[in-house]
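Structure first, then comments.
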Number of protein chains: 2
Amino acid sequence: MRNEEIVERPAEQRTITKRYTEEAVRFIESHREQPFFLYLAHSMPHVPLFRSKEFEDKSLRGLYGDVIEELDWSVGQVLESLRQHQLDKNTIVFFSSDNGPWLTFNEQGGSAGLLREGKGSTWEGGMREPTIVWWPGKIPAASVSAELGSTMDIYTTAILLAGGKVPGDRVIDGVDLRPVLCETGESPRNTMFYYRGTRLMAVRHNQWKAHFITQPGYGGGPTSHDPPLLFNLNEDPSESYNLAEKHPQVIQQIRQVAGRHTEQMEPAPSQLEIPLR
Amino acid sequence: MRNEEIVERPAEQRTITKRYTEEAVRFIESHREQPFFLYLAHSMPHVPLFRSKEFEDKSLRGLYGDVIEELDWSVGQVLESLRQHQLDKNTIVFFSSDNGPWLTFNEQGGSAGLLREGKGSTWEGGMREPTIVWWPGKIPAASVSAELGSTMDIYTTAILLAGGKVPGDRVIDGVDLRPVLCETGESPRNTMFYYRGTRLMAVRHNQWKAHFITQPGYGGGPTSHDPPLLFNLNEDPSESYNLAEKHPQVIQQIRQVAGRHTEQMEPAPSQLEIPLR
């Protein structure tokens with residue numbers, strides 16, 4: 001689609017990564033004299049997977065690896081364009097993803113590495129994403145942070161970086177990540193709420209994650225846990241060793257955090273035609 | 001022990017990493033005028049875990065992470081000593097480990113990341129190790145190889161690097177890794193044989209690994225597979241997706257490789273007092 005108009009149907013997906021990239025680079029070039037916001041949401045590596053001719057058998061990791069090679073090329077093109085137009089010191093780039101691997105598709109669905117389960121679940125393999133933030137001169141190269149952040153925080157952070165004001169007439173779920181990005185302080189985020197549709201499944205508070213309900217991403221119903229399963233994500237990011245019996249006071253604290261959250265929460269109407277269940 | 005003599009019993013393990021390191025640095029200093037071979041086999045991070053006072057709560061990963069921090073410090077001391085004595089361009093350093101995590105000990109046993117199972121098993125989590133080889137000026141920094149190598153190859157490689165001759169009067173299991181280390185060619189190793197005691201459990205040939213018998217590292221007996229389980233380790237390093245039905249010709253080839261190996265193999269007498277079963 002271009003804006004609201006359907007320009008190609010079915011889409012030729014073998015060249016979709018390349019064409020998105022070219023469009024992004026054109027956008028940067030034509031907006032280089034003014035502030036701009038570019039949201040480049042690649043369709044790949046969502047199944048069904050496609051890559052252009054130049055990336056066939058480029059990787060050892062099969063079709064999925066080839067697709068990743070082309071996405072890597074794409075990111076390089078975007079950064080190169082920023083450098084070429086001397087915008088690199090004045091542009092912040094976030095690179096992340098929206099969910100973990102779709103395990104139903106085996107090797108073609110991706111891998112969550114050491115994290116448990118995948119897309120659709122509220123285990124870390126479904127919801128924790130690697131993220132790279134690039135801002136030469138402001139963010140030291142190769143710095144690594146174990147602080148918490150969420151894609152929800154990009155909104156707040158980007159507004160504040162641009163010198164704007166975050167709206168005060170509604171509840172904003174995002175926090176200001178500037179201190180942690182620029183290494184001047186800690187992330188204000190110490191809690192994550194893990195939802196499946198409108199159901200609160202798990203809560204993370206600092207290094208602790210409590211699962212009140214678990215459910216496989218695909219194929220399998222919900223299981224309630226009382227006490228909840230408790231994992232120390234710093235020491236056990238794979239969620240292998242349940243520590244609920246050892247730390248009842250941590251569970252007590254997370255129950256309070258969850259209770260305060262649930263009391264204040266008003267589910268918004270679904271933005272999808274078919275509501276998620 | 002110092003040579004054959006018991007010098008401390010029980011060993012004070014809280015300072016063992018530090019004392020091994022100091023001894024290694026002293027050895028480098030006192031041998032800096034001549035060729036030397038140093039084998040620094042840390043006791044840590046084998047359970048029970050210990051770290052010195054300076055490394056308490058140094059990491060987010062608990063006791064295990066603290067121990068790793070101290071080992072990282074130790075490696076730094078060794079490399080720094082080589083630099084100080086201008087030996088860094090003339091010394092090759094291998095950093096590796098002997099097996100995967102001892103999963104029975106949960107967070108204190110370590111983690112194999114995305115690899116399946118752990119110590120004692122012939123899944124990748126038990127036997128595949130990360131390895132870093134350091135040789136400034138000869139091995140480009142940050143180069144990564146997907147070629148195969150084994151700790152068995154260090155013997156052959158080190159002899160050849162030192163200008164010696166590999167003995168011809170016996171079968172040598174190691175190969176010459178010089179080409180792959182210095183990026184002048186491929187590794188001569190394309191096969192790995194996975195043993196548990198004297199029993200051949202699995203065979204890797206190029207990217208393919210066939211499991212004829214599997215057994216959990218601890219707690220559980222052997223299960224035979226006919227046809228063997230077959231995994232493509234390039235596309236599926238976690239050994240999640242059995243491709244045996246799809247690739248009978250690969251299994252045929254691996255059976256031949258295994259057959260040739262088994263015909264030639266004479267198990268050596270055990271070097272342990274109590275033979276492994």
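Simple scheme: letters A, B, ... for chains in structure tokens order, numbers from 1 for residues in each chain, numbers from 1 for ligands in the order shown.
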- Shell of 6 Å around stretch 132-143 of chain A, only C-alpha atoms, local chain residues under 6 positions omitted, as a VMD selection string: chain A and resid 89 92 to 95 182
- Write out as an MDAnalysis selection string the residues lying within 9 Å of stretch 12-23 of chain A, counting only C-alpha atoms and excluding same-chain residues fewer than 3 positions away. chainID A and resid 8:9 26:28 40:44 48:53 67 70:71 74:75 77:78
Write a file of the selected residues as a tab-separated table (two decimals), in the first residue's frame, keeping N, CA and C atoms.
```
chain	number	residue	atom	x	y	z
A	8	GLU	N	-0.16	-2.86	-5.15
A	8	GLU	CA	0.35	-4.13	-5.67
A	8	GLU	C	-0.31	-5.26	-4.88
A	9	ARG	N	-0.94	-6.20	-5.61
A	9	ARG	CA	-1.63	-7.28	-4.90
A	9	ARG	C	-1.76	-8.48	-5.81
A	26	ARG	N	15.38	7.09	0.11
A	26	ARG	CA	14.81	8.26	-0.61
A	26	ARG	C	14.16	9.23	0.37
A	27	PHE	N	13.45	8.67	1.35
A	27	PHE	CA	12.78	9.52	2.35
A	27	PHE	C	13.80	10.34	3.14
A	28	ILE	N	14.88	9.69	3.55
A	28	ILE	CA	15.93	10.40	4.30
A	28	ILE	C	16.51	11.52	3.43
A	40	LEU	N	10.55	2.32	9.78
A	40	LEU	CA	10.78	1.32	8.74
A	40	LEU	C	10.46	-0.06	9.32
A	41	ALA	N	9.25	-0.54	9.06
A	41	ALA	CA	8.79	-1.81	9.63
A	41	ALA	C	8.87	-2.88	8.55
A	42	HIS	N	9.98	-3.60	8.54
A	42	HIS	CA	10.16	-4.64	7.51
A	42	HIS	C	9.13	-5.77	7.67
A	43	SER	N	8.64	-6.27	6.56
A	43	SER	CA	7.75	-7.44	6.58
A	43	SER	C	8.54	-8.70	6.93
A	44	MET	N	9.76	-8.77	6.46
A	44	MET	CA	10.65	-9.89	6.78
A	44	MET	C	11.23	-9.68	8.17
A	48	PRO	N	5.47	-16.01	5.21
A	48	PRO	CA	6.43	-16.77	4.39
A	48	PRO	C	7.67	-15.91	4.08
A	49	LEU	N	8.83	-16.59	4.10
A	49	LEU	CA	10.10	-15.88	3.95
A	49	LEU	C	10.51	-15.70	2.48
A	50	PHE	N	11.02	-14.53	2.17
A	50	PHE	CA	11.55	-14.25	0.84
A	50	PHE	C	12.81	-13.41	0.96
A	51	ARG	N	13.73	-13.59	0.01
A	51	ARG	CA	14.88	-12.69	-0.07
A	51	ARG	C	15.16	-12.50	-1.55
A	52	SER	N	15.87	-11.43	-1.86
A	52	SER	CA	16.12	-11.17	-3.28
A	52	SER	C	17.25	-12.07	-3.78
A	53	LYS	N	17.36	-12.14	-5.08
A	53	LYS	CA	18.32	-13.02	-5.76
A	53	LYS	C	19.74	-12.92	-5.16
A	67	VAL	N	17.49	-14.23	4.74
A	67	VAL	CA	16.59	-13.09	4.98
A	67	VAL	C	17.24	-12.12	5.96
A	70	GLU	N	19.87	-10.04	4.36
A	70	GLU	CA	19.34	-8.93	3.56
A	70	GLU	C	18.86	-7.79	4.48
A	71	LEU	N	18.28	-8.15	5.64
A	71	LEU	CA	17.87	-7.11	6.58
A	71	LEU	C	19.10	-6.36	7.11
A	74	SER	N	20.08	-3.97	4.63
A	74	SER	CA	19.13	-2.86	4.64
A	74	SER	C	19.48	-1.84	5.72
A	75	VAL	N	19.78	-2.34	6.92
A	75	VAL	CA	20.15	-1.44	8.02
A	75	VAL	C	21.42	-0.67	7.63
A	77	GLN	N	22.35	0.21	4.70
A	77	GLN	CA	22.01	1.24	3.72
A	77	GLN	C	21.45	2.48	4.40
A	78	VAL	N	20.59	2.25	5.39
A	78	VAL	CA	19.97	3.37	6.12
A	78	VAL	C	21.04	4.16	6.87
```
- Computed interatomic separation between atom CA of B:Glu33 and atom CA of B:Thr156 (Å):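 Going from atom CA of B:Glu33 over to atom CA of B:Thr156 covers 24.0 Å.
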- Message: At a cut-off of 9 Å, using only C-alpha atoms, what residues contact A:Tyr194? Leave out same-chain residues fewer than 2 positions from it and give the result as a ChimeraX atom specification.
- Response: /A:122-123,127,192,196,199-204,211
- Task: Tell me which protein, DNA and RNA residues are within 9 Å of stretch 167-172 of chain B, counting only C-alpha atoms, leaving out same-chain ones fewer than 2 positions away, and put them as number ranges by chain.
- Result: B: 152, 156, 165, 174-175
Those residues you just picked out, can you put them in a file as a PDB file, in the first residue's frame with N, CA, C and O atoms?
```pdb
ATOM      1  N   MET B 152      41.250 -31.579  20.682  1.00  0.00           N
ATOM      2  CA  MET B 152      42.215 -32.587  20.217  1.00  0.00           C
ATOM      3  C   MET B 152      43.159 -32.018  19.166  1.00  0.00           C
ATOM      4  O   MET B 152      44.254 -32.536  18.962  1.00  0.00           O
ATOM      5  N   THR B 156      48.282 -31.062  17.641  1.00  0.00           N
ATOM      6  CA  THR B 156      48.862 -31.041  16.295  1.00  0.00           C
ATOM      7  C   THR B 156      49.208 -29.618  15.864  1.00  0.00           C
ATOM      8  O   THR B 156      50.298 -29.340  15.362  1.00  0.00           O
ATOM      9  N   LYS B 165      57.534 -31.775  14.712  1.00  0.00           N
ATOM     10  CA  LYS B 165      56.971 -32.815  13.845  1.00  0.00           C
ATOM     11  C   LYS B 165      55.977 -33.649  14.636  1.00  0.00           C
ATOM     12  O   LYS B 165      56.285 -34.102  15.753  1.00  0.00           O
ATOM     13  N   GLY B 174      44.098 -35.463  16.152  1.00  0.00           N
ATOM     14  CA  GLY B 174      44.019 -34.027  15.886  1.00  0.00           C
ATOM     15  C   GLY B 174      44.386 -33.677  14.453  1.00  0.00           C
ATOM     16  O   GLY B 174      45.105 -34.419  13.781  1.00  0.00           O
ATOM     17  N   VAL B 175      43.903 -32.526  13.998  1.00  0.00           N
ATOM     18  CA  VAL B 175      44.257 -32.017  12.671  1.00  0.00           C
ATOM     19  C   VAL B 175      44.941 -30.657  12.839  1.00  0.00           C
ATOM     20  O   VAL B 175      44.947 -30.075  13.922  1.00  0.00           O
TER      21      VAL B 175
END
```
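Distance criterion 8 Å to chain B, applied with only C-alpha atoms, yields Leu60, Arg61, Gly62, Asn106, Glu107, Ala112, Gly113, Leu114, Leu115, Asn234, Glu235, Asp236 and Tyr241 of chain A on chain A.
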Considering only alpha helix (DSSP H) as DSSP defines it on the backbone, what residues of stretch 31-184 of chain A qualify? List them as a PDB file with C-alpha atoms, in the first residue's frame.
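Result file out_33.pdb:
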```pdb
ATOM      1  CA  GLY A  62      19.312 -21.467   5.294  1.00  0.00           C
ATOM      2  CA  LEU A  63      16.468 -19.321   4.003  1.00  0.00           C
ATOM      3  CA  TYR A  64      15.948 -17.621   7.380  1.00  0.00           C
ATOM      4  CA  GLY A  65      19.624 -16.680   7.556  1.00  0.00           C
ATOM      5  CA  ASP A  66      19.529 -15.294   4.006  1.00  0.00           C
ATOM      6  CA  VAL A  67      16.591 -13.091   4.976  1.00  0.00           C
ATOM      7  CA  ILE A  68      18.524 -11.812   8.000  1.00  0.00           C
ATOM      8  CA  GLU A  69      21.544 -11.078   5.785  1.00  0.00           C
ATOM      9  CA  GLU A  70      19.345  -8.929   3.565  1.00  0.00           C
ATOM     10  CA  LEU A  71      17.872  -7.106   6.582  1.00  0.00           C
ATOM     11  CA  ASP A  72      21.409  -6.481   7.788  1.00  0.00           C
ATOM     12  CA  TRP A  73      22.241  -5.037   4.377  1.00  0.00           C
ATOM     13  CA  SER A  74      19.127  -2.860   4.640  1.00  0.00           C
ATOM     14  CA  VAL A  75      20.150  -1.437   8.017  1.00  0.00           C
ATOM     15  CA  GLY A  76      23.574  -0.705   6.574  1.00  0.00           C
ATOM     16  CA  GLN A  77      22.015   1.237   3.718  1.00  0.00           C
ATOM     17  CA  VAL A  78      19.970   3.366   6.115  1.00  0.00           C
ATOM     18  CA  LEU A  79      22.958   4.138   8.354  1.00  0.00           C
ATOM     19  CA  GLU A  80      25.140   4.832   5.321  1.00  0.00           C
ATOM     20  CA  SER A  81      22.592   7.312   4.036  1.00  0.00           C
ATOM     21  CA  LEU A  82      22.592   9.109   7.402  1.00  0.00           C
ATOM     22  CA  ARG A  83      26.386   9.273   7.328  1.00  0.00           C
ATOM     23  CA  GLN A  84      26.473  10.524   3.742  1.00  0.00           C
ATOM     24  CA  GLU A 124      10.650 -14.432  27.610  1.00  0.00           C
ATOM     25  CA  GLY A 125      11.052 -16.148  24.219  1.00  0.00           C
ATOM     26  CA  GLY A 126       7.788 -14.581  23.138  1.00  0.00           C
ATOM     27  CA  MET A 127       8.285 -11.067  24.422  1.00  0.00           C
ATOM     28  CA  MET A 152       6.297   1.653  24.498  1.00  0.00           C
ATOM     29  CA  ASP A 153       9.056   3.926  25.797  1.00  0.00           C
ATOM     30  CA  ILE A 154      10.194   5.060  22.349  1.00  0.00           C
ATOM     31  CA  TYR A 155       7.218   7.432  22.110  1.00  0.00           C
ATOM     32  CA  THR A 156       8.025   9.265  25.343  1.00  0.00           C
ATOM     33  CA  THR A 157      11.777   9.224  24.757  1.00  0.00           C
ATOM     34  CA  ALA A 158      11.535  10.494  21.182  1.00  0.00           C
ATOM     35  CA  ILE A 159       9.214  13.375  22.119  1.00  0.00           C
ATOM     36  CA  LEU A 160      11.571  14.495  24.886  1.00  0.00           C
ATOM     37  CA  LEU A 161      14.665  14.172  22.677  1.00  0.00           C
ATOM     38  CA  ARG A 178      17.230   9.129  27.949  1.00  0.00           C
ATOM     39  CA  PRO A 179      19.220   8.564  31.164  1.00  0.00           C
ATOM     40  CA  VAL A 180      19.889   4.891  30.458  1.00  0.00           C
ATOM     41  CA  LEU A 181      20.619   5.451  26.749  1.00  0.00           C
TER      42      LEU A 181
END
```
- Extract the full set of strand (DSSP E or B) residues from stretch 55-162 of chain B according to DSSP on the backbone, and format it as a PyMOL selection string. chain B and resi 93-95+132-134
Preceding selection exported with N, CA, C and O atoms as a PDB file, in the first residue's frame:
```
ATOM      1  N   VAL B  93      47.262 -17.890  22.145  1.00  0.00           N
ATOM      2  CA  VAL B  93      46.479 -18.219  23.339  1.00  0.00           C
ATOM      3  C   VAL B  93      45.162 -18.856  22.911  1.00  0.00           C
ATOM      4  O   VAL B  93      44.421 -18.288  22.107  1.00  0.00           O
ATOM      5  N   PHE B  94      44.894 -20.052  23.427  1.00  0.00           N
ATOM      6  CA  PHE B  94      43.592 -20.715  23.238  1.00  0.00           C
ATOM      7  C   PHE B  94      42.795 -20.578  24.529  1.00  0.00           C
ATOM      8  O   PHE B  94      43.318 -20.883  25.604  1.00  0.00           O
ATOM      9  N   PHE B  95      41.548 -20.170  24.412  1.00  0.00           N
ATOM     10  CA  PHE B  95      40.658 -20.130  25.569  1.00  0.00           C
ATOM     11  C   PHE B  95      39.440 -20.992  25.249  1.00  0.00           C
ATOM     12  O   PHE B  95      38.726 -20.735  24.280  1.00  0.00           O
ATOM     13  N   ILE B 132      38.006 -19.062  21.980  1.00  0.00           N
ATOM     14  CA  ILE B 132      38.631 -17.838  21.488  1.00  0.00           C
ATOM     15  C   ILE B 132      40.117 -18.126  21.293  1.00  0.00           C
ATOM     16  O   ILE B 132      40.758 -18.706  22.175  1.00  0.00           O
ATOM     17  N   VAL B 133      40.623 -17.752  20.138  1.00  0.00           N
ATOM     18  CA  VAL B 133      42.065 -17.895  19.891  1.00  0.00           C
ATOM     19  C   VAL B 133      42.625 -16.503  19.636  1.00  0.00           C
ATOM     20  O   VAL B 133      42.081 -15.741  18.836  1.00  0.00           O
ATOM     21  N   TRP B 134      43.701 -16.185  20.333  1.00  0.00           N
ATOM     22  CA  TRP B 134      44.248 -14.826  20.379  1.00  0.00           C
ATOM     23  C   TRP B 134      45.689 -14.849  19.904  1.00  0.00           C
ATOM     24  O   TRP B 134      46.501 -15.607  20.422  1.00  0.00           O
TER      25      TRP B 134
END
```
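Counting only C-alpha atoms, B:Glu129 has the following residues at most 8 Å away, ignoring those fewer than 4 positions along the same chain: Ser96, Ser97, Asp98, Asn99 and Gly100 of chain B.
Taking atom CA of B:Leu229 and atom CA of B:Trp208 as endpoints, the distance between them is 10.3 Å.
Here the question is which of B:Pro35, B:Pro130, B:Pro248, B:Gly120 gets nearest to B:Pro228 using only C-alpha atoms, and that residue is B:Pro248.
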Taking only residues of stretch 154-203 of chain A that have an atom at most 9 Å from an atom of stretch 259-275 of chain A, what is each one's shortest atom pair and its distance in Å to one decimal, using only C-alpha atoms, in chain and number order, as a tab-separated table?
```
residue	atom	partner	partner_atom	distance
A:Phe193	CA	A:His261	CA	8.7
A:Gly197	CA	A:Pro275	CA	8.2
A:Thr198	CA	A:Pro267	CA	7.0
A:Leu200	CA	A:Thr262	CA	8.4
```
Would you mind exporting N, CA, C and O atoms of the selected residues as an mmCIF file, in the first residue's frame?
```cif
data_model
loop_
_atom_site.group_PDB
_atom_site.id
_atom_site.type_symbol
_atom_site.label_atom_id
_atom_site.label_comp_id
_atom_site.auth_asym_id
_atom_site.auth_seq_id
_atom_site.Cartn_x
_atom_site.Cartn_y
_atom_site.Cartn_z
ATOM 1 N N PHE A 193 4.437 -5.573 32.361
ATOM 2 C CA PHE A 193 3.217 -6.373 32.472
ATOM 3 C C PHE A 193 3.073 -7.185 31.191
ATOM 4 O O PHE A 193 3.131 -6.625 30.091
ATOM 5 N N GLY A 197 -3.803 -10.909 24.874
ATOM 6 C CA GLY A 197 -5.079 -10.223 24.690
ATOM 7 C C GLY A 197 -5.281 -9.252 25.840
ATOM 8 O O GLY A 197 -4.417 -8.411 26.107
ATOM 9 N N THR A 198 -6.378 -9.372 26.560
ATOM 10 C CA THR A 198 -6.621 -8.461 27.689
ATOM 11 C C THR A 198 -6.364 -9.131 29.035
ATOM 12 O O THR A 198 -6.743 -8.619 30.088
ATOM 13 N N LEU A 200 -3.923 -10.400 31.980
ATOM 14 C CA LEU A 200 -2.587 -10.237 32.571
ATOM 15 C C LEU A 200 -2.048 -11.611 32.974
ATOM 16 O O LEU A 200 -2.594 -12.262 33.857
#
```
- Message: Using only C-alpha atoms for the distances, tell me which of B:Glu54, B:Asn90, B:Ser30, B:Leu177 is nearest to B:Leu148.
- Response: B:Leu177
- Task: Fewer than 2 positions away in the same chain doesn't count, so skip those; otherwise give me all residues within 7 Å of A:Pro188, counting only C-alpha atoms, as a list in words.
- Result: Val175, Asp176, Glu186 and Asn190 of chain A
- Quick one, how far is atom CA of A:Tyr218 from atom CA of A:Arg128? 17.5 Å
